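Asker: Before we start, here is the structure in question, set down as structure tokens.
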Amino acid sequence: MADTAFRPGSVAIIGAGPAGFSAAAELRQRGYAGSLTLVDPAGQPHDRPPLSKAYLAGTLETSGLALAAPDWFSANAVELVTGTALAIDPGAGTLTLAGGTVLQADILLLATGGAARTPRFPGTARVQTLRTKSDADALRPQLGAGKRLAIIGAGLIGAEVASTAAALGTAVVLIDPVPVPLVPAVGQELAAYLHSMHAEAGIKTITGLPVDVLSGPKGSTVLLDDGSLIDADAVLAAVGMVPETRLAEDAGIAVDDGVLVDAAGRTSHPRVFAAGDSVRRRTGGVLARRSEHWDSAVRSGRAAAAGILGEEPEPDAVPWFWTDRHGVHAEAVGAMAAEGETVERGAPGPGYVVFRTAPDGTLAGAAGIDAGNTLRAARRLIALKKPVSKDQLSDPQTDLRRLVRSRP
Ligand SMILES: Cc1cc2nc3c(=O)[nH]c(=O)nc-3n(C[C@H](O)[C@H](O)[C@H](O)COP(=O)(O)OP(=O)(O)OC[C@H]3O[C@@H](n4cnc5c(N)ncnc54)[C@H](O)[C@@H]3O)c2cc1C
């Protein structure tokens with residue numbers, strides 16, 4: 001570990017999602033012994049992925065959303081403050097909570113995530129969104145036999161809610177302007193297969209652009225740009241998220257569709273760090289797009305912890321995300337939209353993997369279904385930049401883990 005010259009006496013983390021919590025844990029892991037405060041309106045750090053899956057289905061209790069056992073915080077001397085930060089003053093090292101309490105800290109870490117994006121049409125008040133536990137609690141009673149749910153947006157969250165809702169007996173209509181969503185994330189072949197699973201589960205998929213949600217005598221009606229109408233008891237908009245950057249903006253910290261940070265979470269102010277879904281990283285002169293996935297939020301929290309202590313963060317990881325729907329676990333690593341060629345392994349179904357090879361013969365990305373070992377190995381191969389042959393990739397008998405271990 002590098003330079004440990006600077007150790008702040010106090011750190012306050014704003015936001016206790018995966019990024020803020022992992023930053024707190026990493027600070028202690030790296031031996032930081034100063035005061036550590038975690039501020040969140042919900043108090044205890046909690047997770048989001050189950051909100052569209054097991055928690056929404058009713059098979060996971062609230063306690064299952066916790067990112068750590070309740071006694072972890074006292075054991076690690078992390079003070080939990082239930083509250084919302086209204087403003088930060090980096091020069092003075094303060095943050096002001098709703099209600100007026102002012103907390104003091106040498107270093108502030110912004111891990112504020114984001115809010116669900118709401119569609120911009122007149123009837124936007126008639127749509128629900130899903131980002132928080134209370135959003136999931138509000139959506140849950142709308143699901144079940146005899147109920148109709150229209151979902152705008154068939155990306156990751158929209159598709160997961162569709163799957164959960166259909167499994168509970170809800171009549172689901174899933175609307176998206178593109179015929180096959182998620183192509184950039186998982187590639188054309190896997191995206192087409194995943195999307196086709198909706199129809200098999202009894203979900204009606206519609207390609208169209210919603211332009212409004214009207215109130216009807218029995219619920220709501222989604223109006224599409226071709227004039228067609230879809231009646232539903234409830235309408236969910238799952239059309240992405242907006243990063244929560246207001247605290248940074250108000251404090252004059254550089255923001256461009258996300259708080260701008262380097263590889264160690266440093267913002268444009270030396271006493272303020274940032275991590276998670278609300279940041280955009282600039283490394284090697286390249287400004288990356290925001291990531292909105294769990295693994296990257298956790299890693300960026302850990303990187304910011306290293307940065308706060310003046311230490312080297314762990315090396316960058318190849319991007320990874322997962323999604324669960326219709327009883328399958330899909331994962332993607334690397335860049336499936338990279339320039340190159342596609343190689344398929346197996347046939348659509350469990351074990352099916354699609355690879356994206358780069359023009360230089362290395363692997364750029366991989367995405368698959370119920371194929372954890374292969375995708376973990378693919379992630380390593382991408383990180384190692386090892387050349388791979390199309391025959392090896394397409395042959396289900398070739399264990400990619402052997403290629404990882406083989407000499408270059
Ligand atoms: C329904 C759903 C399902 C998902 N499923 C998957 C999945 O299957 N796979 C995957 O890879 N990713 C998934 N994700 C994405 C993943 O959950 C996010 O990438 C991750 O939660 C981001 O972590 P974060 O800590 O940056 O932000 P968040 O989890 O949003 O946490 C930010 C926290 O900051 C708090 N906060 C904001 N402003 C303030 C303030 N002013 N003062 C105090 N606190 C504040 C918020 O209340 C929140 O608790 C899912 C997301 C959602 C919403």
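Going through the structure tokens in order, the chains are called A, B, and so on, while each chain numbers its residues from 1 and the ligands are numbered from 1 in the order shown.
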With a distance cut-off of 12 Å and only C-alpha atoms, select the neighbouring residues of Val261 in chain A, excluding the residue or stretch itself and same-chain residues fewer than 4 positions from it, and output the selection as number ranges by chain.
Answerer: A: 109-111, 248, 253-257, 265-270, 272-290, 300-301, 303-304, 307
Asker: How would the residues just chosen look if you wrote them out with N, CA and C atoms as a tab-separated table (two decimals), in the first residue's frame?
Answerer:
```tsv
chain	number	residue	atom	x	y	z
A	109	LEU	N	-17.66	12.49	1.96
A	109	LEU	CA	-17.80	11.59	0.81
A	109	LEU	C	-19.25	11.59	0.37
A	110	LEU	N	-19.47	12.00	-0.88
A	110	LEU	CA	-20.83	12.01	-1.43
A	110	LEU	C	-21.11	10.67	-2.10
A	111	ALA	N	-22.06	9.92	-1.57
A	111	ALA	CA	-22.43	8.62	-2.16
A	111	ALA	C	-23.95	8.60	-2.26
A	248	ALA	N	-23.27	18.57	-4.50
A	248	ALA	CA	-21.99	18.93	-5.13
A	248	ALA	C	-22.14	20.22	-5.94
A	253	ILE	N	-18.78	22.21	-6.85
A	253	ILE	CA	-17.92	21.08	-7.26
A	253	ILE	C	-18.28	20.69	-8.70
A	254	ALA	N	-17.26	20.32	-9.48
A	254	ALA	CA	-17.49	20.04	-10.91
A	254	ALA	C	-18.42	18.84	-11.10
A	255	VAL	N	-19.45	19.07	-11.91
A	255	VAL	CA	-20.48	18.05	-12.19
A	255	VAL	C	-20.78	18.09	-13.68
A	256	ASP	N	-20.90	16.93	-14.30
A	256	ASP	CA	-21.31	16.86	-15.70
A	256	ASP	C	-22.06	15.53	-15.87
A	257	ASP	N	-23.35	15.55	-15.65
A	257	ASP	CA	-24.15	14.33	-15.61
A	257	ASP	C	-23.57	13.34	-14.61
A	265	GLY	N	-11.75	8.58	-6.52
A	265	GLY	CA	-12.93	9.27	-6.01
A	265	GLY	C	-12.73	10.74	-5.66
A	266	ARG	N	-11.59	11.33	-6.07
A	266	ARG	CA	-11.37	12.74	-5.74
A	266	ARG	C	-12.22	13.62	-6.64
A	267	THR	N	-12.89	14.59	-6.05
A	267	THR	CA	-13.67	15.55	-6.83
A	267	THR	C	-12.80	16.78	-7.09
A	268	SER	N	-13.42	17.85	-7.58
A	268	SER	CA	-12.66	19.08	-7.83
A	268	SER	C	-12.34	19.81	-6.53
A	269	HIS	N	-12.88	19.35	-5.38
A	269	HIS	CA	-12.52	19.96	-4.09
A	269	HIS	C	-11.72	18.96	-3.27
A	270	PRO	N	-10.56	19.38	-2.73
A	270	PRO	CA	-9.69	18.40	-2.05
A	270	PRO	C	-10.30	17.75	-0.81
A	272	VAL	N	-13.52	16.86	-0.60
A	272	VAL	CA	-14.75	16.15	-0.96
A	272	VAL	C	-14.43	15.01	-1.93
A	273	PHE	N	-14.91	13.83	-1.58
A	273	PHE	CA	-14.79	12.66	-2.46
A	273	PHE	C	-16.19	12.24	-2.87
A	274	ALA	N	-16.30	11.41	-3.89
A	274	ALA	CA	-17.63	10.95	-4.31
A	274	ALA	C	-17.50	9.55	-4.90
A	275	ALA	N	-18.60	8.78	-4.80
A	275	ALA	CA	-18.58	7.39	-5.28
A	275	ALA	C	-19.99	6.93	-5.62
A	276	GLY	N	-20.07	5.87	-6.44
A	276	GLY	CA	-21.34	5.21	-6.71
A	276	GLY	C	-22.03	5.70	-7.97
A	277	ASP	N	-23.33	5.45	-8.03
A	277	ASP	CA	-24.12	5.77	-9.22
A	277	ASP	C	-24.13	7.25	-9.56
A	278	SER	N	-23.78	8.10	-8.57
A	278	SER	CA	-23.87	9.55	-8.82
A	278	SER	C	-22.60	10.13	-9.43
A	279	VAL	N	-21.60	9.29	-9.70
A	279	VAL	CA	-20.34	9.86	-10.20
A	279	VAL	C	-20.06	9.50	-11.65
A	280	ARG	N	-19.16	10.26	-12.21
A	280	ARG	CA	-18.62	9.99	-13.55
A	280	ARG	C	-17.12	10.06	-13.43
A	281	ARG	N	-16.45	9.01	-13.84
A	281	ARG	CA	-15.00	8.96	-13.63
A	281	ARG	C	-14.24	9.47	-14.84
A	282	ARG	N	-13.19	10.26	-14.53
A	282	ARG	CA	-12.27	10.66	-15.60
A	282	ARG	C	-10.92	10.03	-15.27
A	283	THR	N	-10.49	9.09	-16.12
A	283	THR	CA	-9.18	8.47	-15.91
A	283	THR	C	-8.42	8.50	-17.23
A	284	GLY	N	-7.13	8.79	-17.14
A	284	GLY	CA	-6.30	8.85	-18.34
A	284	GLY	C	-6.85	9.83	-19.36
A	285	GLY	N	-7.46	10.91	-18.90
A	285	GLY	CA	-7.99	11.92	-19.82
A	285	GLY	C	-9.32	11.55	-20.45
A	286	VAL	N	-9.85	10.36	-20.12
A	286	VAL	CA	-11.11	9.93	-20.73
A	286	VAL	C	-12.23	10.02	-19.70
A	287	LEU	N	-13.30	10.70	-20.07
A	287	LEU	CA	-14.46	10.84	-19.18
A	287	LEU	C	-15.44	9.71	-19.51
A	288	ALA	N	-15.59	8.78	-18.56
A	288	ALA	CA	-16.43	7.61	-18.81
A	288	ALA	C	-17.90	7.96	-18.65
A	289	ARG	N	-18.75	7.11	-19.19
A	289	ARG	CA	-20.19	7.25	-18.93
A	289	ARG	C	-20.44	6.82	-17.50
A	290	ARG	N	-21.53	7.30	-16.91
A	290	ARG	CA	-21.87	6.86	-15.57
A	290	ARG	C	-22.18	5.37	-15.56
A	300	SER	N	-16.28	1.58	-6.48
A	300	SER	CA	-15.93	3.00	-6.43
A	300	SER	C	-15.95	3.51	-4.99
A	301	GLY	N	-16.80	2.92	-4.14
A	301	GLY	CA	-16.78	3.27	-2.72
A	301	GLY	C	-15.44	2.88	-2.10
A	303	ALA	N	-12.64	2.47	-3.70
A	303	ALA	CA	-11.58	3.32	-4.28
A	303	ALA	C	-11.53	4.68	-3.59
A	304	ALA	N	-12.71	5.23	-3.29
A	304	ALA	CA	-12.74	6.53	-2.61
A	304	ALA	C	-12.15	6.42	-1.21
A	307	GLY	N	-8.57	6.63	-1.63
A	307	GLY	CA	-8.20	8.01	-1.95
A	307	GLY	C	-8.23	8.91	-0.72
```
Asker: Would you pick out the contacts of Gly216 in chain A at 12 Å or less, using only C-alpha atoms, so that residues sharing its chain but fewer than 3 positions from it are not included, and give the list as JSON, numbers by chain?
Answerer: {"A": [123, 126, 213, 219, 220, 221, 222, 223, 229, 230, 231, 232, 233, 234]}
Asker: Would you write out those residues with N, CA, C and O atoms, as a PDB file, in the first residue's frame?
Answerer:
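Saved as result-v7.pdb:
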```pdb
ATOM      1  N   GLY A 123     -49.101  13.404 -17.990  1.00  0.00           N
ATOM      2  CA  GLY A 123     -49.673  12.546 -16.950  1.00  0.00           C
ATOM      3  C   GLY A 123     -48.637  11.837 -16.108  1.00  0.00           C
ATOM      4  O   GLY A 123     -48.889  10.744 -15.582  1.00  0.00           O
ATOM      5  N   ARG A 126     -49.258  10.087 -12.811  1.00  0.00           N
ATOM      6  CA  ARG A 126     -49.994   8.818 -12.756  1.00  0.00           C
ATOM      7  C   ARG A 126     -49.077   7.606 -12.896  1.00  0.00           C
ATOM      8  O   ARG A 126     -49.549   6.481 -12.987  1.00  0.00           O
ATOM      9  N   VAL A 213     -49.850   9.339 -19.977  1.00  0.00           N
ATOM     10  CA  VAL A 213     -50.672   8.389 -19.223  1.00  0.00           C
ATOM     11  C   VAL A 213     -51.906   9.161 -18.774  1.00  0.00           C
ATOM     12  O   VAL A 213     -51.805  10.168 -18.075  1.00  0.00           O
ATOM     13  N   GLY A 219     -58.686   3.022 -13.632  1.00  0.00           N
ATOM     14  CA  GLY A 219     -57.226   3.054 -13.534  1.00  0.00           C
ATOM     15  C   GLY A 219     -56.634   4.051 -14.497  1.00  0.00           C
ATOM     16  O   GLY A 219     -57.133   5.158 -14.657  1.00  0.00           O
ATOM     17  N   SER A 220     -55.557   3.620 -15.186  1.00  0.00           N
ATOM     18  CA  SER A 220     -54.846   4.532 -16.079  1.00  0.00           C
ATOM     19  C   SER A 220     -54.800   3.958 -17.481  1.00  0.00           C
ATOM     20  O   SER A 220     -54.959   2.756 -17.674  1.00  0.00           O
ATOM     21  N   THR A 221     -54.537   4.844 -18.443  1.00  0.00           N
ATOM     22  CA  THR A 221     -54.414   4.403 -19.831  1.00  0.00           C
ATOM     23  C   THR A 221     -53.141   5.000 -20.410  1.00  0.00           C
ATOM     24  O   THR A 221     -52.942   6.220 -20.374  1.00  0.00           O
ATOM     25  N   VAL A 222     -52.281   4.125 -20.920  1.00  0.00           N
ATOM     26  CA  VAL A 222     -51.051   4.606 -21.547  1.00  0.00           C
ATOM     27  C   VAL A 222     -51.360   4.923 -23.009  1.00  0.00           C
ATOM     28  O   VAL A 222     -51.928   4.091 -23.729  1.00  0.00           O
ATOM     29  N   LEU A 223     -50.989   6.137 -23.411  1.00  0.00           N
ATOM     30  CA  LEU A 223     -51.192   6.560 -24.801  1.00  0.00           C
ATOM     31  C   LEU A 223     -49.854   6.469 -25.533  1.00  0.00           C
ATOM     32  O   LEU A 223     -48.855   7.056 -25.101  1.00  0.00           O
ATOM     33  N   LEU A 229     -53.941   2.748 -27.257  1.00  0.00           N
ATOM     34  CA  LEU A 229     -54.190   2.942 -25.822  1.00  0.00           C
ATOM     35  C   LEU A 229     -54.048   1.612 -25.087  1.00  0.00           C
ATOM     36  O   LEU A 229     -54.511   0.573 -25.578  1.00  0.00           O
ATOM     37  N   ILE A 230     -53.409   1.659 -23.932  1.00  0.00           N
ATOM     38  CA  ILE A 230     -53.249   0.441 -23.126  1.00  0.00           C
ATOM     39  C   ILE A 230     -53.811   0.715 -21.733  1.00  0.00           C
ATOM     40  O   ILE A 230     -53.290   1.565 -21.002  1.00  0.00           O
ATOM     41  N   ASP A 231     -54.846  -0.004 -21.362  1.00  0.00           N
ATOM     42  CA  ASP A 231     -55.463   0.196 -20.037  1.00  0.00           C
ATOM     43  C   ASP A 231     -54.721  -0.620 -18.988  1.00  0.00           C
ATOM     44  O   ASP A 231     -54.285  -1.744 -19.246  1.00  0.00           O
ATOM     45  N   ALA A 232     -54.603  -0.042 -17.809  1.00  0.00           N
ATOM     46  CA  ALA A 232     -53.940  -0.758 -16.709  1.00  0.00           C
ATOM     47  C   ALA A 232     -54.446  -0.222 -15.386  1.00  0.00           C
ATOM     48  O   ALA A 232     -54.963   0.897 -15.305  1.00  0.00           O
ATOM     49  N   ASP A 233     -54.298  -1.034 -14.337  1.00  0.00           N
ATOM     50  CA  ASP A 233     -54.640  -0.534 -12.991  1.00  0.00           C
ATOM     51  C   ASP A 233     -53.511   0.326 -12.462  1.00  0.00           C
ATOM     52  O   ASP A 233     -53.734   1.246 -11.692  1.00  0.00           O
ATOM     53  N   ALA A 234     -52.278  -0.015 -12.848  1.00  0.00           N
ATOM     54  CA  ALA A 234     -51.118   0.766 -12.406  1.00  0.00           C
ATOM     55  C   ALA A 234     -50.109   0.832 -13.550  1.00  0.00           C
ATOM     56  O   ALA A 234     -50.055  -0.062 -14.397  1.00  0.00           O
TER      57      ALA A 234
END
```
Asker: Leaving out range 328-344 of chain A and any residue of its chain fewer than 3 positions from it, which residues lie within 9 Å of it when counting only C-alpha atoms, given as a ChimeraX atom specification?
Answerer: /A:183-187,189,194,318-325,347,349-350,352-360,363-372,375-376,378-379,382-383,390-391,393-395
Asker: Residues of range 176-406 of chain A classed as helix (DSSP H, G or I) by DSSP on the backbone are to be reported as a PyMOL selection string.
Answerer: chain A and resi 183-186+188-200+246-250+294-308+372-384+390-394+400-405
Asker: Tell me which of A:Ile206, A:Leu168, A:Ala125, A:Val180 sits closest to Thr59 in chain A, counting only C-alpha atoms.
Answerer: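 That would be A:Leu168, the residue with the smallest distance to Thr59 in chain A.
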Asker: Between A:Gly31, A:Gly100, A:Gly240, A:Gly146, which one has atoms that come closest to ligand 1, using only C-alpha atoms and all ligand atoms?
Answerer: A:Gly240
Asker: Would you mind telling me which residue in A:Arg120, A:Arg131, A:Arg28, A:Arg7 lies nearest to ligand 1 when using only C-alpha atoms and all ligand atoms?
Answerer: A:Arg131
Asker: Select from range 75-138 of chain A every residue with an atom at most 10 Å from any atom of range 152-160 of chain A, then for each give the shortest pair of atoms and their distance in Å to one decimal, using only C-alpha atoms, rows by chain and rising number, as CSV.
Answerer:
```
residue,atom,partner,partner_atom,distance
A:Pro119,CA,A:Ile152,CA,9.0
A:Val127,CA,A:Ile152,CA,9.2
A:Thr129,CA,A:Gly158,CA,9.8
A:Leu130,CA,A:Ile157,CA,8.1
A:Arg131,CA,A:Ile157,CA,9.4
```
Asker: How would the residues just picked look written out with all heavy atoms as an mmCIF file, in the first residue's frame?
Answerer:
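Output contents, as saved in again10.cif:
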```cif
data_model
loop_
_atom_site.group_PDB
_atom_site.id
_atom_site.type_symbol
_atom_site.label_atom_id
_atom_site.label_comp_id
_atom_site.auth_asym_id
_atom_site.auth_seq_id
_atom_site.Cartn_x
_atom_site.Cartn_y
_atom_site.Cartn_z
ATOM 1 N N PRO A 119 -40.811 9.993 -16.751
ATOM 2 C CA PRO A 119 -41.020 10.407 -18.141
ATOM 3 C C PRO A 119 -41.581 11.829 -18.184
ATOM 4 O O PRO A 119 -42.307 12.246 -17.273
ATOM 5 C CB PRO A 119 -42.053 9.425 -18.673
ATOM 6 C CG PRO A 119 -42.303 8.433 -17.607
ATOM 7 C CD PRO A 119 -41.734 8.938 -16.331
ATOM 8 N N VAL A 127 -47.750 7.829 -12.967
ATOM 9 C CA VAL A 127 -46.846 6.679 -13.051
ATOM 10 C C VAL A 127 -46.102 6.498 -11.725
ATOM 11 O O VAL A 127 -45.836 7.456 -11.008
ATOM 12 C CB VAL A 127 -45.810 6.787 -14.200
ATOM 13 C CG1 VAL A 127 -46.485 6.969 -15.533
ATOM 14 C CG2 VAL A 127 -44.789 7.876 -13.938
ATOM 15 N N THR A 129 -42.576 4.769 -9.901
ATOM 16 C CA THR A 129 -41.204 4.429 -10.261
ATOM 17 C C THR A 129 -40.661 3.493 -9.186
ATOM 18 O O THR A 129 -41.303 3.286 -8.154
ATOM 19 C CB THR A 129 -40.319 5.690 -10.367
ATOM 20 O OG1 THR A 129 -40.422 6.438 -9.156
ATOM 21 C CG2 THR A 129 -40.719 6.564 -11.552
ATOM 22 N N LEU A 130 -39.478 2.943 -9.419
ATOM 23 C CA LEU A 130 -38.907 1.995 -8.456
ATOM 24 C C LEU A 130 -37.426 2.272 -8.254
ATOM 25 O O LEU A 130 -36.606 2.009 -9.133
ATOM 26 C CB LEU A 130 -39.105 0.547 -8.961
ATOM 27 C CG LEU A 130 -38.499 -0.555 -8.080
ATOM 28 C CD1 LEU A 130 -39.065 -0.510 -6.671
ATOM 29 C CD2 LEU A 130 -38.750 -1.927 -8.697
ATOM 30 N N ARG A 131 -37.121 2.859 -7.101
ATOM 31 C CA ARG A 131 -35.719 3.059 -6.729
ATOM 32 C C ARG A 131 -35.498 2.707 -5.255
ATOM 33 O O ARG A 131 -34.460 2.232 -4.871
ATOM 34 C CB ARG A 131 -35.331 4.530 -6.984
ATOM 35 C CG ARG A 131 -33.913 4.903 -6.598
ATOM 36 C CD ARG A 131 -32.888 4.488 -7.631
ATOM 37 N NE ARG A 131 -31.533 4.579 -7.134
ATOM 38 C CZ ARG A 131 -30.456 4.187 -7.780
ATOM 39 N NH1 ARG A 131 -30.564 3.649 -8.993
ATOM 40 N NH2 ARG A 131 -29.254 4.288 -7.257
#
```
Asker: Neighbours of Gly169 in chain A within 12 Å (only C-alpha atoms; same-chain residues fewer than 4 positions away dropped), as a PyMOL selection string?
Answerer: chain A and resi 57+142-149+162-165+201-203
Asker: Could the residues in this selection be saved with C-alpha atoms as a compact mmCIF listing (two decimals), in the first residue's frame?
Answerer:
```txt
# COMPACT_ATOMS: atom_id res chain seq x y z
CA ALA A 57 -42.12 -10.89 -4.82
CA GLN A 142 -50.61 -3.47 -7.40
CA LEU A 143 -49.43 -6.99 -8.25
CA GLY A 144 -51.37 -10.23 -8.22
CA ALA A 145 -54.09 -12.17 -9.98
CA GLY A 146 -56.77 -9.95 -11.52
CA LYS A 147 -54.52 -6.86 -11.58
CA ARG A 148 -53.12 -5.14 -14.68
CA LEU A 149 -49.70 -3.50 -14.74
CA ALA A 162 -42.42 -7.67 -15.40
CA SER A 163 -41.08 -11.10 -14.49
CA THR A 164 -41.86 -10.73 -10.77
CA ALA A 165 -45.33 -9.33 -11.46
CA ALA A 201 -44.25 -16.01 -19.43
CA GLY A 202 -47.53 -14.56 -20.71
CA ILE A 203 -46.36 -10.94 -20.77
```
Asker: Check the smallest atom-to-atom distance from each of A:Ile107, A:Ala69, A:Ala115, A:Ala191 to Gly310 in chain A using only C-alpha atoms, then report the winner.
Answerer: A:Ile107
Asker: What's the 12 Å shell around Asn76 in chain A, counting only C-alpha atoms, without same-chain residues fewer than 2 positions away, as a list in words?
Answerer: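 Contacts, in chain order: Phe21, Ala24, Ala25, Glu26, Leu27, Arg28, Gln29, Gly31, Tyr32, Ala33, Gly34, Ser35, Leu36, Thr37, Leu38, Ala68, Ala69, Pro70, Asp71, Trp72, Phe73, Ser74, Val78, Glu79 and Leu80 of chain A.
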Asker: Let me see the file: selected residues, N, CA, C and O atoms, as an mmCIF file, in the first residue's frame.
Answerer:
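New file part26.cif:
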```
data_model
loop_
_atom_site.group_PDB
_atom_site.id
_atom_site.type_symbol
_atom_site.label_atom_id
_atom_site.label_comp_id
_atom_site.auth_asym_id
_atom_site.auth_seq_id
_atom_site.Cartn_x
_atom_site.Cartn_y
_atom_site.Cartn_z
ATOM 1 N N PHE A 21 -21.682 2.484 2.011
ATOM 2 C CA PHE A 21 -21.367 1.445 2.989
ATOM 3 C C PHE A 21 -20.008 0.804 2.700
ATOM 4 O O PHE A 21 -19.203 0.589 3.608
ATOM 5 N N ALA A 24 -17.236 2.957 3.896
ATOM 6 C CA ALA A 24 -17.054 2.905 5.352
ATOM 7 C C ALA A 24 -16.299 1.634 5.746
ATOM 8 O O ALA A 24 -15.336 1.674 6.527
ATOM 9 N N ALA A 25 -16.743 0.507 5.175
ATOM 10 C CA ALA A 25 -16.092 -0.767 5.519
ATOM 11 C C ALA A 25 -14.629 -0.759 5.088
ATOM 12 O O ALA A 25 -13.744 -1.227 5.813
ATOM 13 N N GLU A 26 -14.357 -0.199 3.924
ATOM 14 C CA GLU A 26 -12.982 -0.193 3.410
ATOM 15 C C GLU A 26 -12.084 0.740 4.227
ATOM 16 O O GLU A 26 -10.899 0.449 4.425
ATOM 17 N N LEU A 27 -12.647 1.851 4.691
ATOM 18 C CA LEU A 27 -11.847 2.752 5.528
ATOM 19 C C LEU A 27 -11.353 2.002 6.766
ATOM 20 O O LEU A 27 -10.173 2.054 7.126
ATOM 21 N N ARG A 28 -12.260 1.265 7.417
ATOM 22 C CA ARG A 28 -11.855 0.495 8.604
ATOM 23 C C ARG A 28 -10.902 -0.635 8.220
ATOM 24 O O ARG A 28 -9.912 -0.884 8.905
ATOM 25 N N GLN A 29 -11.197 -1.271 7.105
ATOM 26 C CA GLN A 29 -10.341 -2.375 6.619
ATOM 27 C C GLN A 29 -8.908 -1.899 6.405
ATOM 28 O O GLN A 29 -7.951 -2.604 6.689
ATOM 29 N N GLY A 31 -7.476 0.348 8.068
ATOM 30 C CA GLY A 31 -6.874 0.771 9.330
ATOM 31 C C GLY A 31 -7.204 2.188 9.750
ATOM 32 O O GLY A 31 -6.624 2.688 10.719
ATOM 33 N N TYR A 32 -8.137 2.827 9.069
ATOM 34 C CA TYR A 32 -8.524 4.185 9.471
ATOM 35 C C TYR A 32 -9.184 4.115 10.851
ATOM 36 O O TYR A 32 -10.149 3.377 11.053
ATOM 37 N N ALA A 33 -8.661 4.887 11.810
ATOM 38 C CA ALA A 33 -9.151 4.792 13.185
ATOM 39 C C ALA A 33 -9.890 6.044 13.648
ATOM 40 O O ALA A 33 -10.308 6.121 14.805
ATOM 41 N N GLY A 34 -10.047 7.019 12.751
ATOM 42 C CA GLY A 34 -10.714 8.270 13.139
ATOM 43 C C GLY A 34 -12.228 8.131 13.187
ATOM 44 O O GLY A 34 -12.791 7.045 12.994
ATOM 45 N N SER A 35 -12.872 9.250 13.402
ATOM 46 C CA SER A 35 -14.336 9.236 13.502
ATOM 47 C C SER A 35 -14.961 9.005 12.112
ATOM 48 O O SER A 35 -14.474 9.506 11.098
ATOM 49 N N LEU A 36 -16.028 8.219 12.088
ATOM 50 C CA LEU A 36 -16.646 7.830 10.811
ATOM 51 C C LEU A 36 -18.168 7.879 10.972
ATOM 52 O O LEU A 36 -18.740 7.178 11.808
ATOM 53 N N THR A 37 -18.795 8.727 10.165
ATOM 54 C CA THR A 37 -20.249 8.925 10.264
ATOM 55 C C THR A 37 -20.889 8.608 8.920
ATOM 56 O O THR A 37 -20.357 8.973 7.865
ATOM 57 N N LEU A 38 -22.010 7.917 8.964
ATOM 58 C CA LEU A 38 -22.736 7.532 7.750
ATOM 59 C C LEU A 38 -24.147 8.133 7.862
ATOM 60 O O LEU A 38 -24.883 7.816 8.789
ATOM 61 N N ALA A 68 -25.412 -4.914 6.152
ATOM 62 C CA ALA A 68 -24.596 -5.449 7.248
ATOM 63 C C ALA A 68 -25.509 -5.724 8.431
ATOM 64 O O ALA A 68 -26.581 -5.127 8.552
ATOM 65 N N ALA A 69 -25.070 -6.622 9.311
ATOM 66 C CA ALA A 69 -25.834 -6.911 10.528
ATOM 67 C C ALA A 69 -25.835 -5.665 11.416
ATOM 68 O O ALA A 69 -24.864 -4.896 11.401
ATOM 69 N N PRO A 70 -26.899 -5.445 12.179
ATOM 70 C CA PRO A 70 -26.990 -4.216 12.989
ATOM 71 C C PRO A 70 -25.782 -4.000 13.892
ATOM 72 O O PRO A 70 -25.369 -2.855 14.113
ATOM 73 N N ASP A 71 -25.186 -5.086 14.436
ATOM 74 C CA ASP A 71 -24.060 -4.889 15.362
ATOM 75 C C ASP A 71 -22.750 -4.564 14.645
ATOM 76 O O ASP A 71 -21.754 -4.250 15.284
ATOM 77 N N TRP A 72 -22.736 -4.644 13.323
ATOM 78 C CA TRP A 72 -21.505 -4.321 12.569
ATOM 79 C C TRP A 72 -21.086 -2.861 12.834
ATOM 80 O O TRP A 72 -19.905 -2.565 12.947
ATOM 81 N N PHE A 73 -22.067 -1.993 12.979
ATOM 82 C CA PHE A 73 -21.764 -0.553 13.065
ATOM 83 C C PHE A 73 -21.097 -0.209 14.392
ATOM 84 O O PHE A 73 -20.095 0.505 14.414
ATOM 85 N N SER A 74 -21.622 -0.767 15.476
ATOM 86 C CA SER A 74 -20.956 -0.496 16.758
ATOM 87 C C SER A 74 -19.605 -1.196 16.785
ATOM 88 O O SER A 74 -18.606 -0.629 17.252
ATOM 89 N N VAL A 78 -18.836 2.887 13.573
ATOM 90 C CA VAL A 78 -19.433 3.729 12.524
ATOM 91 C C VAL A 78 -20.731 4.309 13.090
ATOM 92 O O VAL A 78 -21.634 3.563 13.485
ATOM 93 N N GLU A 79 -20.786 5.621 13.164
ATOM 94 C CA GLU A 79 -21.985 6.262 13.705
ATOM 95 C C GLU A 79 -23.014 6.433 12.589
ATOM 96 O O GLU A 79 -22.714 7.031 11.538
ATOM 97 N N LEU A 80 -24.199 5.878 12.810
ATOM 98 C CA LEU A 80 -25.261 6.017 11.811
ATOM 99 C C LEU A 80 -26.128 7.220 12.161
ATOM 100 O O LEU A 80 -26.614 7.324 13.284
#
```
Asker: Please report, as a PyMOL selection string, each residue of range 42-157 of chain A to which DSSP assigns strand (DSSP E) when run on this structure's backbone.
Answerer: chain A and resi 78-82+85-89+94-97+102-104+107-110+114-116+148-152
Asker: With only C-alpha atoms and all ligand atoms as the atoms that count, which of A:Gln104, A:Ser10, A:Thr245, A:Thr207 lies nearest to ligand 1?
Answerer: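 Once distances to ligand 1 are computed over only C-alpha atoms and all ligand atoms, the minimum belongs to A:Thr245.
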